[in-house]
Amino acid sequence: MGIAGQIAIDDRAQSIPATMLAAVYRGINDVRLETVPVPAIGPGELLLRVHTCGVCGTDLKKIATGSHSAPRIFGHETSGVVAAVGANVRNFEPGDRVMVFHHIPCRQCYYCRHQTFAQCLTYKRVGCTAGFEPSGGGFAEYVRVMDWIVDQGTVKIPNDVSFEQACFVEPVNTCMKGIEALRPQSGETVLAIGQGPIGVILSVLARRAGATVITSDLYPERLRIAKSLGFEHVIDASQFDAADSVRQQTEGRGADAVILAVGSNGLIRSAMDAARPGGRVLLFAQTQRGEVVVDPAAICVDEKALVGSYSASVDLQEESIRFVMNREMDLEQLISHRFPLQDAAQALELAAHPQPSSMKVVIQPGTTWKDQAWEGNKQ
């Protein structure tokens, strides 16, 4: 059972412990709660005491497929409190409430000059770790934040913004990048297939760009959430064909743009069928390599465009921070389940096999914190 409510902070801790709890990936579908050393930090680095870390689908796929070597500690949608600062750190001090990006590009290479930041070799280096090969580390009590992330990817959280709200900055950035690639325009109709937490955020951002958004999902419970956010046009995909329904609402044309926020490759053809001639389809959740059947004439003769988007964009960093910290969207309402770190395996299992009632799952080492402020230690 998830733990409800926003968790506060403990000010009783007087020193940083030598060891901590972490959810350690040991192989395919094998994540274990272990005691590991608290990572040491160097000059220019931070030690972050983790409060909340969202469970992301990319980490779930790595765990399920064994695409990454073990052992590792995953988790990258991380917010918490600075516990210690290394030499030469000037902009942060113990006690600061922050969220951290885990990827930041070099801004100088060929890919950065072409704004394809996720392909930058520096970007591909993970700059946060709780031990072992750097992999985010948010599924642990403490995370080491490396110097280039401290300089360019660590963001202070305003006092009136919760850790839960703040942990959405990175996923919101990825969604903004996807919407920028799709280019929805005012007056266009956008179909959003999938109304999990990412699908909902993408839908909100498409509407923010001026489009009329039609939402689609197999679960009526998720469509009710979409309706509560003001999306009046919904399609129950368990009862109706989304492509047929969209054509009925667009004088037979189909959607100007389609967002596929579901990882199933089998839905790519359906998404293309739902797009009008000359329309665009955004593949947002297709992060595993494979093969899929695509009608080439839909791309050539019907002039439909397939667009991909992966990970975050440093160019959108400030906009995503403003969106989250100014509460343009109440992102906490997307959280359906909160688990303490001790129940991380249960949290990951639920997130990997979502139920009709589940949305965003978060792991919260901060469940042990008691009071409203926690001061770290200089180092």
# chains A, B, ... in the order shown; residues from 1 in each chain; ligands from 1
>>> residues_around(residues="Gly210 of chain A", least_positions_apart="4", cutoff="12 Å", atoms="only C-alpha atoms", output="list of chain:residue names")
A:Ile179, A:Arg183, A:Pro184, A:Gln185, A:Ser186, A:Gly187, A:Glu188, A:Thr189, A:Val190, A:Ser203, A:Val204, A:Leu205, A:Ala206
>>> write_last_selection(atoms="C-alpha atoms", output="mmCIF file, in the first residue's frame")
data_model
loop_
_atom_site.group_PDB
_atom_site.id
_atom_site.type_symbol
_atom_site.label_atom_id
_atom_site.label_comp_id
_atom_site.auth_asym_id
_atom_site.auth_seq_id
_atom_site.Cartn_x
_atom_site.Cartn_y
_atom_site.Cartn_z
ATOM 1 C CA ILE A 179 5.728 18.842 -28.014
ATOM 2 C CA ARG A 183 4.753 21.477 -33.375
ATOM 3 C CA PRO A 184 1.032 21.560 -32.530
ATOM 4 C CA GLN A 185 -0.575 24.793 -33.687
ATOM 5 C CA SER A 186 -3.513 26.837 -32.505
ATOM 6 C CA GLY A 187 -6.677 25.466 -34.063
ATOM 7 C CA GLU A 188 -5.244 22.013 -34.754
ATOM 8 C CA THR A 189 -6.667 18.776 -33.399
ATOM 9 C CA VAL A 190 -4.263 16.539 -31.482
ATOM 10 C CA SER A 203 -1.914 16.541 -23.442
ATOM 11 C CA VAL A 204 -1.751 19.587 -21.168
ATOM 12 C CA LEU A 205 1.252 20.951 -23.078
ATOM 13 C CA ALA A 206 -0.419 20.384 -26.463
#
>>> residues_around(residues="Val213 of chain A", least_positions_apart="2", cutoff="12 Å", atoms="only C-alpha atoms", output="PyMOL selection string")
chain A and resi 184-193+195+199-211+215-216+226-227+229-235+246+249-250+255-259
>>> closest_atom_pairs(of="segment 143-224 of chain A", to="segment 55-72 of chain A", cutoff="12 Å", atoms="only C-alpha atoms", output="tab-separated table")
residue	atom	partner	partner_atom	distance
A:Cys167	CA	A:Val55	CA	10.3
A:Phe168	CA	A:Cys56	CA	10.5
A:Glu170	CA	A:Cys56	CA	10.4
A:Pro171	CA	A:Cys56	CA	8.4
A:Val172	CA	A:Cys56	CA	12.0
A:Thr174	CA	A:Cys56	CA	11.6
A:Gly196	CA	A:Gly57	CA	10.9
A:Pro197	CA	A:Cys56	CA	10.1
A:Ile198	CA	A:Cys56	CA	9.5
>>> write_last_selection(atoms="N, CA and C atoms", output="short mmCIF file (atom, residue, chain, number, x, y, z; two decimals), in the first residue's frame")
data_model
loop_
_atom_site.label_atom_id
_atom_site.label_comp_id
_atom_site.auth_asym_id
_atom_site.auth_seq_id
_atom_site.Cartn_x
_atom_site.Cartn_y
_atom_site.Cartn_z
N CYS A 167 9.87 17.07 -8.28
CA CYS A 167 10.49 15.91 -8.93
C CYS A 167 9.98 15.73 -10.35
N PHE A 168 8.98 16.50 -10.76
CA PHE A 168 8.46 16.40 -12.13
C PHE A 168 9.21 17.29 -13.12
N GLU A 170 12.19 17.19 -14.53
CA GLU A 170 12.85 16.46 -15.63
C GLU A 170 11.83 15.81 -16.57
N PRO A 171 10.83 15.07 -16.07
CA PRO A 171 9.84 14.52 -17.02
C PRO A 171 9.06 15.58 -17.78
N VAL A 172 8.75 16.71 -17.14
CA VAL A 172 8.08 17.80 -17.86
C VAL A 172 8.97 18.31 -18.98
N THR A 174 11.15 16.60 -20.71
CA THR A 174 11.09 15.64 -21.82
C THR A 174 9.81 15.80 -22.62
N GLY A 196 -1.65 7.89 -19.16
CA GLY A 196 -0.85 7.77 -17.95
C GLY A 196 -0.29 9.13 -17.61
N PRO A 197 0.55 9.23 -16.58
CA PRO A 197 1.05 10.55 -16.17
C PRO A 197 1.76 11.31 -17.28
N ILE A 198 2.57 10.62 -18.09
CA ILE A 198 3.26 11.30 -19.18
C ILE A 198 2.27 11.72 -20.27
#
>>> residues_around(residues="Ala118 of chain A", least_positions_apart="5", cutoff="7 Å", atoms="only C-alpha atoms", output="VMD selection string")
chain A and resid 123 to 124 311
>>> select_by_dssp(residues="segment 69-264 of chain A", states="helix (DSSP H, G or I)", output="count of residues only")
63
>>> select_by_dssp(residues="segment 109-268 of chain A", states="strand (DSSP E)", output="ChimeraX atom specification")
/A:128-129,142-145,154-156,189-193,212-217,233-236,255-260
>>> closest_residue(among="A:Leu48, A:Leu282, A:Val155, A:Cys128", to="Cys175 of chain A", atoms="only C-alpha atoms")
A:Leu282
>>> residues_around(residues="segment 335-347 of chain A", least_positions_apart="2", cutoff="6 Å", atoms="only C-alpha atoms", output="list of chain:residue names")
A:Gly2, A:Ile3, A:Glu332, A:Gln333, A:Glu349, A:Leu350, A:Ser358, A:Met359, A:Lys360, A:Val361, A:Val362, A:Ile363, A:Gln364, A:Pro365, A:Thr367
>>> residues_around(residues="His102 of chain A", least_positions_apart="3", cutoff="10 Å", atoms="only C-alpha atoms", output="number ranges by chain")
A: 75-78, 99, 123-129, 134-138, 145-146, 148-150, 153-154, 170, 312
>>> write_last_selection(atoms="N, CA, C and O atoms", output="mmCIF file, in the first residue's frame")
data_model
loop_
_atom_site.group_PDB
_atom_site.id
_atom_site.type_symbol
_atom_site.label_atom_id
_atom_site.label_comp_id
_atom_site.auth_asym_id
_atom_site.auth_seq_id
_atom_site.Cartn_x
_atom_site.Cartn_y
_atom_site.Cartn_z
ATOM 1 N N GLY A 75 16.920 5.494 -10.872
ATOM 2 C CA GLY A 75 16.110 6.573 -10.326
ATOM 3 C C GLY A 75 16.688 7.928 -10.660
ATOM 4 O O GLY A 75 17.802 8.247 -10.248
ATOM 5 N N HIS A 76 15.956 8.729 -11.440
ATOM 6 C CA HIS A 76 16.522 10.004 -11.880
ATOM 7 C C HIS A 76 15.557 11.185 -11.792
ATOM 8 O O HIS A 76 15.936 12.292 -12.154
ATOM 9 N N GLU A 77 14.343 10.977 -11.326
ATOM 10 C CA GLU A 77 13.407 12.104 -11.150
ATOM 11 C C GLU A 77 13.463 12.514 -9.679
ATOM 12 O O GLU A 77 12.537 12.290 -8.912
ATOM 13 N N THR A 78 14.569 13.138 -9.289
ATOM 14 C CA THR A 78 14.980 13.197 -7.889
ATOM 15 C C THR A 78 14.903 14.598 -7.303
ATOM 16 O O THR A 78 15.379 15.568 -7.900
ATOM 17 N N MET A 99 16.161 20.002 -6.809
ATOM 18 C CA MET A 99 15.990 18.852 -7.686
ATOM 19 C C MET A 99 17.194 18.817 -8.615
ATOM 20 O O MET A 99 17.858 19.837 -8.820
ATOM 21 N N TYR A 123 26.295 14.309 -22.661
ATOM 22 C CA TYR A 123 24.935 14.115 -22.183
ATOM 23 C C TYR A 123 24.696 12.662 -21.812
ATOM 24 O O TYR A 123 23.995 12.361 -20.832
ATOM 25 N N LYS A 124 25.253 11.744 -22.574
ATOM 26 C CA LYS A 124 25.036 10.322 -22.317
ATOM 27 C C LYS A 124 25.703 9.872 -21.019
ATOM 28 O O LYS A 124 25.346 8.820 -20.474
ATOM 29 N N ARG A 125 26.676 10.634 -20.517
ATOM 30 C CA ARG A 125 27.267 10.336 -19.214
ATOM 31 C C ARG A 125 26.281 10.731 -18.120
ATOM 32 O O ARG A 125 25.786 11.854 -18.094
ATOM 33 N N VAL A 126 25.985 9.820 -17.230
ATOM 34 C CA VAL A 126 25.075 10.116 -16.128
ATOM 35 C C VAL A 126 25.856 10.792 -15.016
ATOM 36 O O VAL A 126 26.906 10.300 -14.588
ATOM 37 N N GLY A 127 25.353 11.927 -14.547
ATOM 38 C CA GLY A 127 26.085 12.729 -13.577
ATOM 39 C C GLY A 127 25.594 12.622 -12.152
ATOM 40 O O GLY A 127 25.964 13.449 -11.311
ATOM 41 N N CYS A 128 24.777 11.608 -11.847
ATOM 42 C CA CYS A 128 24.304 11.383 -10.483
ATOM 43 C C CYS A 128 24.438 9.891 -10.174
ATOM 44 O O CYS A 128 24.088 9.051 -11.014
ATOM 45 N N THR A 129 24.902 9.579 -8.978
ATOM 46 C CA THR A 129 25.084 8.174 -8.631
ATOM 47 C C THR A 129 24.916 7.962 -7.137
ATOM 48 O O THR A 129 25.287 8.817 -6.327
ATOM 49 N N PRO A 134 27.297 4.954 -12.556
ATOM 50 C CA PRO A 134 26.309 6.034 -12.416
ATOM 51 C C PRO A 134 25.050 5.775 -13.230
ATOM 52 O O PRO A 134 25.115 5.573 -14.442
ATOM 53 N N SER A 135 23.890 5.796 -12.540
ATOM 54 C CA SER A 135 22.620 5.465 -13.190
ATOM 55 C C SER A 135 21.463 6.268 -12.631
ATOM 56 O O SER A 135 20.305 5.852 -12.727
ATOM 57 N N GLY A 136 21.759 7.407 -12.029
ATOM 58 C CA GLY A 136 20.713 8.249 -11.459
ATOM 59 C C GLY A 136 20.738 8.251 -9.951
ATOM 60 O O GLY A 136 20.861 9.281 -9.299
ATOM 61 N N GLY A 137 20.572 7.038 -9.358
ATOM 62 C CA GLY A 137 20.750 6.872 -7.928
ATOM 63 C C GLY A 137 19.611 7.283 -7.036
ATOM 64 O O GLY A 137 19.713 7.197 -5.813
ATOM 65 N N GLY A 138 18.488 7.732 -7.615
ATOM 66 C CA GLY A 138 17.405 8.263 -6.796
ATOM 67 C C GLY A 138 16.679 7.236 -5.948
ATOM 68 O O GLY A 138 15.969 7.601 -5.014
ATOM 69 N N VAL A 145 26.063 14.076 -6.571
ATOM 70 C CA VAL A 145 25.797 14.890 -7.755
ATOM 71 C C VAL A 145 27.132 15.435 -8.247
ATOM 72 O O VAL A 145 27.818 16.165 -7.521
ATOM 73 N N MET A 146 27.520 15.078 -9.465
ATOM 74 C CA MET A 146 28.839 15.430 -9.979
ATOM 75 C C MET A 146 28.902 16.885 -10.426
ATOM 76 O O MET A 146 27.883 17.548 -10.590
ATOM 77 N N TRP A 148 29.567 18.840 -13.044
ATOM 78 C CA TRP A 148 28.901 19.531 -14.155
ATOM 79 C C TRP A 148 27.381 19.575 -13.969
ATOM 80 O O TRP A 148 26.727 20.467 -14.468
ATOM 81 N N ILE A 149 26.848 18.634 -13.197
ATOM 82 C CA ILE A 149 25.423 18.680 -12.857
ATOM 83 C C ILE A 149 25.178 19.740 -11.790
ATOM 84 O O ILE A 149 24.170 20.468 -11.830
ATOM 85 N N VAL A 150 26.092 19.859 -10.831
ATOM 86 C CA VAL A 150 25.975 20.915 -9.820
ATOM 87 C C VAL A 150 25.956 22.281 -10.500
ATOM 88 O O VAL A 150 25.131 23.147 -10.180
ATOM 89 N N GLY A 153 22.832 21.697 -13.700
ATOM 90 C CA GLY A 153 21.633 20.865 -13.654
ATOM 91 C C GLY A 153 21.022 20.691 -12.283
ATOM 92 O O GLY A 153 20.235 19.772 -12.076
ATOM 93 N N THR A 154 21.367 21.560 -11.334
ATOM 94 C CA THR A 154 20.797 21.500 -9.990
ATOM 95 C C THR A 154 19.964 22.757 -9.766
ATOM 96 O O THR A 154 20.439 23.867 -9.988
ATOM 97 N N GLU A 170 12.194 17.185 -14.533
ATOM 98 C CA GLU A 170 12.847 16.460 -15.627
ATOM 99 C C GLU A 170 11.826 15.814 -16.569
ATOM 100 O O GLU A 170 11.935 15.985 -17.797
ATOM 101 N N ALA A 312 15.585 14.829 -22.319
ATOM 102 C CA ALA A 312 15.339 16.247 -22.062
ATOM 103 C C ALA A 312 16.158 17.139 -22.986
ATOM 104 O O ALA A 312 17.064 16.691 -23.675
#
>>> residues_around(residues="Val293 of chain A", least_positions_apart="6", cutoff="10 Å", atoms="only C-alpha atoms", output="count of residues only")
4
>>> residues_around(residues="Val294 of chain A", least_positions_apart="4", cutoff="12 Å", atoms="only C-alpha atoms", output="list of chain:residue names")
A:Asn265, A:Gly266, A:Leu267, A:Ile268, A:Arg269, A:Ser270, A:Ala271, A:Met272, A:Asp273, A:Ala298, A:Ile299, A:Cys300, A:Lys304, A:Ala305, A:Leu306
>>> closest_residue(among="A:His353, A:Lys177, A:Arg113, A:Arg247", to="Ser309 of chain A", atoms="only C-alpha atoms")
A:Lys177
